[in-house]
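Asker: Before we start, here is the structure in question, set down as structure tokens.
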Amino acid sequence: MESKTKNLGGIRAKHKTFCALPWIHLSTRPNGLLRVCCTANASSAGIKNDKKWDSKVGILKNDDGRPANLNNSDLASAWNNSYMRGIRKKMLKGEVPDSCTKCFKEEASGHLSKRIWETEYWSRRIDLQQLIDDTSPEGEVPPKLYYIDLRLGSKCNLKCIMCSPHDSSLWVSDHKKLFNSVENKQLKQHLIWDQKGTMDGGSYNWPQNNQLFWQQLFEQIPHMKQLYFAGGESTIIEEHYMLLQECIDRGYAPNIELRYNSNGIELPDRLFEMWSQFKRVRFHFSIDAYGELNDYIRYPSKWSHIEAQLDRLDQTPESIEVTIACAVQVLNIYYIPEFIKWKLSKKYKKINPWPLGAGLMNFHLVYLPAFLNIKVLPHETKLKIADKYQKFYQWLECHHSSDKDFLEHEYGIKRLKGLIKFMLSEDWSERMPQLREYLEKMDNIRGTNSRSFFESW
Ligand code: SF4
């Protein structure tokens, strides 16, 4: 694709902390809170004094200092509020906004941050220099939304081990049993479901109740280049289909890319019919391991169904791009080599075809809950994992690198090395008691056996 931004290097040299997203994008939480982006809201994870941030870092604030929420606010008034203006001004001055700590920490440990890949991606589609030139000294920019991340409530058909009732309606009953039984104070703190999502005026019903939001979003459809859907589970949420239909009816679907992070459990025929009218669909299928471990993590999915859905997606037209999105955490990091071997053995035509994810799969890190982050593992376990990966790199070089630039690809071995470097970069093992209690309690609630995945190491 032709580059729109002639000199991204020049922008980066002049504005060292620049990220395209605060100029083109907004992100929602399932209960209507607005965020700079999904990563911004995870930026407090790992900051020692998490409580100070109260999980609100990256959440947009209204001019009165209260969090902006789509139950009582709207898109247009959020776009140039003092919080958004402040972030843009900081970035243009080369400072790191608090909301963006996570990206810069990841970059420092050799991981490819969302800031880097998103800015590179959008530099090929939008003239970023023009956006900077159009920014007022107060940090205001014209109200054009090119890209939105929508979490249309918490309706979901899974209750993954790293998730919570904040994002999955199916989690509610397990949370009740878990929260009442937890003894560890820090763990209990992590598991608070504050006022059942209603704090700061939140409600999971905002997509049904806020008609002004929809009116303003529909007005943005002519500018829109990407609609991104993530949890709850958009494929079972009716408003997701309503928005796709609106884009089709207004004639803009051929200009718009759709992007999903989805559990892929429900893929009705009408979805494929709608997708065929859009410019492109990028479907990131959330799968975290091979077989039983995936069923444990993405509870209560069934591996045979996941494989059947992958086979179905492998038959879709070229305009639909499919990747496996693997969330890396303490439970699966040891088993990722087996997962990759399985994926390569399937010889899919279009699930992460080269060069997507270097032909392997895509990885992102679990930050919340913090006790599932890979930095929590004990040092000797980390060394064992690092050693296993070292041997796996040799296997990959022999089995996956012929006729390709695999060895140099940033999503190949380099990406795996980045995971290991990140894991070794800090010691969070003080959270091990939280992890142990959490897994034990969840096993009691669900009748599962998390120990079976650790016993063989
Ligand atoms: S720097 Fe990172 S956290 Fe901040 S807006 Fe960009 S992608 Fe989001």
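Every chain in the structure tokens takes a letter, A first, then B, and so on in the order presented; its residues are numbered from 1, and the ligands are numbered from 1 following the presented order.
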Enumerate as a list in words the residues within 8 Å of ligand 1, counting only C-alpha atoms and all ligand atoms.
Answerer: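 Going residue by residue within 8 Å of ligand 1, we get Thr17, Phe18, Cys19, Ala20, Leu21, Pro22, Val36, Cys37, Cys38, Thr39, Ala40, Asn41, Ser43, Gly58, Pro97, Ser99, Cys100, Thr101, Lys102, Cys103, Phe104, Ser113, Lys114, Arg115, Ile116, Glu118 and Thr119 of chain A.
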Asker: If you count only C-alpha atoms, which residues fall within 12 Å of Tyr241 of chain A, apart from same-chain ones fewer than 5 positions away, as a ChimeraX atom specification?
Answerer: /A:152,229,234-236,246-248,258,268,270-275
Asker: Can you write out the residues you just picked, keeping all heavy atoms, as a short mmCIF file (atom, residue, chain, number, x, y, z; two decimals), in the first residue's frame?
Answerer:
data_model
loop_
_atom_site.label_atom_id
_atom_site.label_comp_id
_atom_site.auth_asym_id
_atom_site.auth_seq_id
_atom_site.Cartn_x
_atom_site.Cartn_y
_atom_site.Cartn_z
N LEU A 152 -19.40 -3.59 23.04
CA LEU A 152 -20.83 -3.26 23.13
C LEU A 152 -21.50 -4.05 24.25
O LEU A 152 -22.36 -4.89 24.00
CB LEU A 152 -21.50 -3.51 21.78
CG LEU A 152 -20.91 -2.71 20.61
CD1 LEU A 152 -21.40 -3.24 19.27
CD2 LEU A 152 -21.26 -1.24 20.76
N PHE A 229 -14.01 -4.70 16.84
CA PHE A 229 -14.93 -5.25 17.85
C PHE A 229 -14.18 -6.24 18.74
O PHE A 229 -13.49 -7.12 18.26
CB PHE A 229 -16.08 -6.00 17.18
CG PHE A 229 -16.93 -5.13 16.29
CD1 PHE A 229 -16.73 -5.09 14.92
CD2 PHE A 229 -17.94 -4.35 16.82
CE1 PHE A 229 -17.51 -4.29 14.10
CE2 PHE A 229 -18.73 -3.54 16.02
CZ PHE A 229 -18.51 -3.51 14.66
N SER A 234 -18.76 -9.93 20.29
CA SER A 234 -19.56 -9.16 19.33
C SER A 234 -20.43 -10.05 18.43
O SER A 234 -21.50 -9.63 18.00
CB SER A 234 -18.66 -8.29 18.48
OG SER A 234 -17.67 -9.08 17.88
N THR A 235 -19.98 -11.27 18.16
CA THR A 235 -20.74 -12.12 17.24
C THR A 235 -22.08 -12.58 17.82
O THR A 235 -22.90 -13.15 17.10
CB THR A 235 -19.92 -13.36 16.82
OG1 THR A 235 -19.58 -14.08 18.01
CG2 THR A 235 -18.66 -12.97 16.09
N ILE A 236 -22.30 -12.35 19.13
CA ILE A 236 -23.63 -12.66 19.70
C ILE A 236 -24.32 -11.38 20.19
O ILE A 236 -25.29 -11.44 20.93
CB ILE A 236 -23.56 -13.71 20.83
CG1 ILE A 236 -22.66 -13.24 21.99
CG2 ILE A 236 -23.10 -15.06 20.31
CD1 ILE A 236 -22.82 -14.08 23.26
N GLU A 246 -25.84 -0.72 8.96
CA GLU A 246 -25.88 0.73 8.70
C GLU A 246 -24.76 1.13 7.72
O GLU A 246 -24.99 1.93 6.82
CB GLU A 246 -25.73 1.47 10.04
CG GLU A 246 -26.08 2.93 9.99
CD GLU A 246 -27.57 3.23 9.83
OE1 GLU A 246 -28.41 2.43 10.28
OE2 GLU A 246 -27.86 4.27 9.21
N CYS A 247 -23.58 0.59 7.92
CA CYS A 247 -22.46 0.89 7.00
C CYS A 247 -22.79 0.41 5.59
O CYS A 247 -22.50 1.10 4.60
CB CYS A 247 -21.17 0.21 7.47
SG CYS A 247 -20.57 0.80 9.05
N ILE A 248 -23.41 -0.78 5.50
CA ILE A 248 -23.78 -1.32 4.18
C ILE A 248 -24.84 -0.43 3.55
O ILE A 248 -24.72 -0.01 2.39
CB ILE A 248 -24.29 -2.79 4.33
CG1 ILE A 248 -23.16 -3.70 4.79
CG2 ILE A 248 -24.91 -3.28 3.02
CD1 ILE A 248 -23.59 -5.09 5.27
N LEU A 258 -13.04 -4.26 8.84
CA LEU A 258 -13.55 -4.72 10.13
C LEU A 258 -12.44 -5.51 10.81
O LEU A 258 -11.72 -6.27 10.15
CB LEU A 258 -14.77 -5.62 9.95
CG LEU A 258 -15.95 -5.04 9.17
CD1 LEU A 258 -17.04 -6.09 9.00
CD2 LEU A 258 -16.50 -3.82 9.89
N PRO A 268 -22.43 -17.12 12.61
CA PRO A 268 -23.61 -17.43 11.81
C PRO A 268 -23.42 -17.07 10.33
O PRO A 268 -22.60 -16.21 10.00
CB PRO A 268 -24.69 -16.54 12.45
CG PRO A 268 -23.95 -15.44 13.12
CD PRO A 268 -22.62 -16.00 13.54
N ARG A 270 -25.21 -15.28 8.41
CA ARG A 270 -25.48 -13.88 8.07
C ARG A 270 -24.23 -13.02 8.28
O ARG A 270 -24.06 -12.00 7.63
CB ARG A 270 -26.67 -13.32 8.85
CG ARG A 270 -26.43 -13.10 10.32
CD ARG A 270 -27.54 -12.24 10.93
NE ARG A 270 -27.52 -12.35 12.36
CZ ARG A 270 -27.96 -11.41 13.19
NH1 ARG A 270 -28.49 -10.31 12.70
NH2 ARG A 270 -27.90 -11.58 14.48
N LEU A 271 -23.34 -13.44 9.19
CA LEU A 271 -22.10 -12.68 9.42
C LEU A 271 -21.22 -12.76 8.16
O LEU A 271 -20.70 -11.74 7.69
CB LEU A 271 -21.37 -13.24 10.64
CG LEU A 271 -20.12 -12.50 11.08
CD1 LEU A 271 -20.42 -11.04 11.42
CD2 LEU A 271 -19.49 -13.18 12.29
N PHE A 272 -21.08 -13.95 7.60
CA PHE A 272 -20.25 -14.09 6.40
C PHE A 272 -20.85 -13.31 5.23
O PHE A 272 -20.12 -12.73 4.43
CB PHE A 272 -20.10 -15.58 6.03
CG PHE A 272 -19.25 -16.35 7.02
CD1 PHE A 272 -19.81 -17.18 7.96
CD2 PHE A 272 -17.86 -16.21 7.01
CE1 PHE A 272 -19.03 -17.87 8.87
CE2 PHE A 272 -17.06 -16.89 7.92
CZ PHE A 272 -17.65 -17.73 8.85
N GLU A 273 -22.19 -13.28 5.15
CA GLU A 273 -22.85 -12.50 4.07
C GLU A 273 -22.53 -11.02 4.22
O GLU A 273 -22.21 -10.33 3.26
CB GLU A 273 -24.36 -12.70 4.13
CG GLU A 273 -24.82 -14.00 3.49
CD GLU A 273 -26.18 -14.45 4.02
OE1 GLU A 273 -26.99 -13.57 4.40
OE2 GLU A 273 -26.41 -15.67 4.09
N MET A 274 -22.62 -10.50 5.45
CA MET A 274 -22.31 -9.08 5.70
C MET A 274 -20.85 -8.79 5.42
O MET A 274 -20.50 -7.81 4.78
CB MET A 274 -22.66 -8.70 7.14
CG MET A 274 -24.15 -8.64 7.39
SD MET A 274 -24.45 -8.31 9.14
CE MET A 274 -25.86 -7.24 9.01
N TRP A 275 -19.97 -9.66 5.92
CA TRP A 275 -18.53 -9.45 5.72
C TRP A 275 -18.19 -9.28 4.24
O TRP A 275 -17.28 -8.53 3.89
CB TRP A 275 -17.74 -10.64 6.28
CG TRP A 275 -17.57 -10.64 7.78
CD1 TRP A 275 -17.96 -9.66 8.65
CD2 TRP A 275 -16.95 -11.66 8.56
NE1 TRP A 275 -17.62 -10.02 9.93
CE2 TRP A 275 -17.00 -11.23 9.92
CE3 TRP A 275 -16.35 -12.89 8.27
CZ2 TRP A 275 -16.47 -12.00 10.96
CZ3 TRP A 275 -15.83 -13.64 9.31
CH2 TRP A 275 -15.88 -13.20 10.64
#
Asker: Determine, counting only C-alpha atoms, which protein, DNA and RNA residues have an atom within 10 Å of an atom of segment 389-400 of chain A; residues of the same chain fewer than 3 positions away are not included. Present the result as a PyMOL selection string.
Answerer: chain A and resi 333-338+340-341+344+358-360+383-386+403-404+406-407+412-414+416-417+420
Asker: Which residues are near segment 288-294 of chain A? Cut-off 6 Å, only C-alpha atoms, ignore same chain within fewer than 3 positions. Put them as a compact mmCIF listing (two decimals) with C-alpha atoms, in the first residue's frame.
Answerer:
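The resulting file, part-v1.txt, is reproduced below:
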# COMPACT_ATOMS: atom_id res chain seq x y z
CA ILE A 297 -8.21 -21.28 29.78
CA ARG A 298 -11.13 -20.42 27.49
CA TRP A 303 -11.38 -28.01 21.34
CA CYS A 326 -2.74 -16.02 21.62
CA ALA A 327 -2.82 -14.26 25.00
CA PHE A 339 0.91 -24.98 20.16
Asker: Check the smallest atom-to-atom distance from each of A:Tyr438, A:Trp214, A:Trp171, A:Phe454 to Met242 of chain A using only C-alpha atoms, then report the winner.
Answerer: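 Once distances to Met242 of chain A are computed over only C-alpha atoms, the minimum belongs to A:Trp214.
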Asker: Measure the distance from atom CA of Arg125 of chain A to atom CA of Leu313 of chain A in Å and round it to one decimal.
Answerer: 26.7 Å
Asker: Taking the backbone alone, and naming residues the way the document does, which bits of segment 117-151 of chain A are strand (DSSP E) by DSSP, as a list of chain:residue names?
Answerer: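 These are the residues in question: A:Tyr147, A:Ile148, A:Asp149, A:Leu150.
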Asker: Let's have the selection written as a PDB file, in the first residue's frame, with N, CA, C and O atoms.
Answerer:
ATOM      1  N   TYR A 147     -11.103   5.402  13.344  1.00  0.00           N
ATOM      2  CA  TYR A 147     -10.920   4.039  13.871  1.00  0.00           C
ATOM      3  C   TYR A 147     -11.524   4.001  15.272  1.00  0.00           C
ATOM      4  O   TYR A 147     -11.205   4.844  16.099  1.00  0.00           O
ATOM      5  N   ILE A 148     -12.418   3.053  15.527  1.00  0.00           N
ATOM      6  CA  ILE A 148     -13.022   2.964  16.857  1.00  0.00           C
ATOM      7  C   ILE A 148     -12.989   1.519  17.351  1.00  0.00           C
ATOM      8  O   ILE A 148     -13.134   0.576  16.559  1.00  0.00           O
ATOM      9  N   ASP A 149     -12.754   1.382  18.633  1.00  0.00           N
ATOM     10  CA  ASP A 149     -12.714   0.072  19.295  1.00  0.00           C
ATOM     11  C   ASP A 149     -13.998  -0.029  20.123  1.00  0.00           C
ATOM     12  O   ASP A 149     -14.187   0.720  21.072  1.00  0.00           O
ATOM     13  N   LEU A 150     -14.883  -0.941  19.742  1.00  0.00           N
ATOM     14  CA  LEU A 150     -16.201  -1.016  20.373  1.00  0.00           C
ATOM     15  C   LEU A 150     -16.348  -2.277  21.212  1.00  0.00           C
ATOM     16  O   LEU A 150     -16.131  -3.393  20.720  1.00  0.00           O
TER      17      LEU A 150
END
Asker: Using only C-alpha atoms, which protein or nucleic acid residues come within 12 Å of Ala78 of chain A? Drop anything in the same chain fewer than 2 positions from it, and give the result as number ranges by chain.
Answerer: A: 22, 25-28, 33-36, 59-63, 66-70, 72-76, 80-85, 140-141, 143, 145, 213, 216
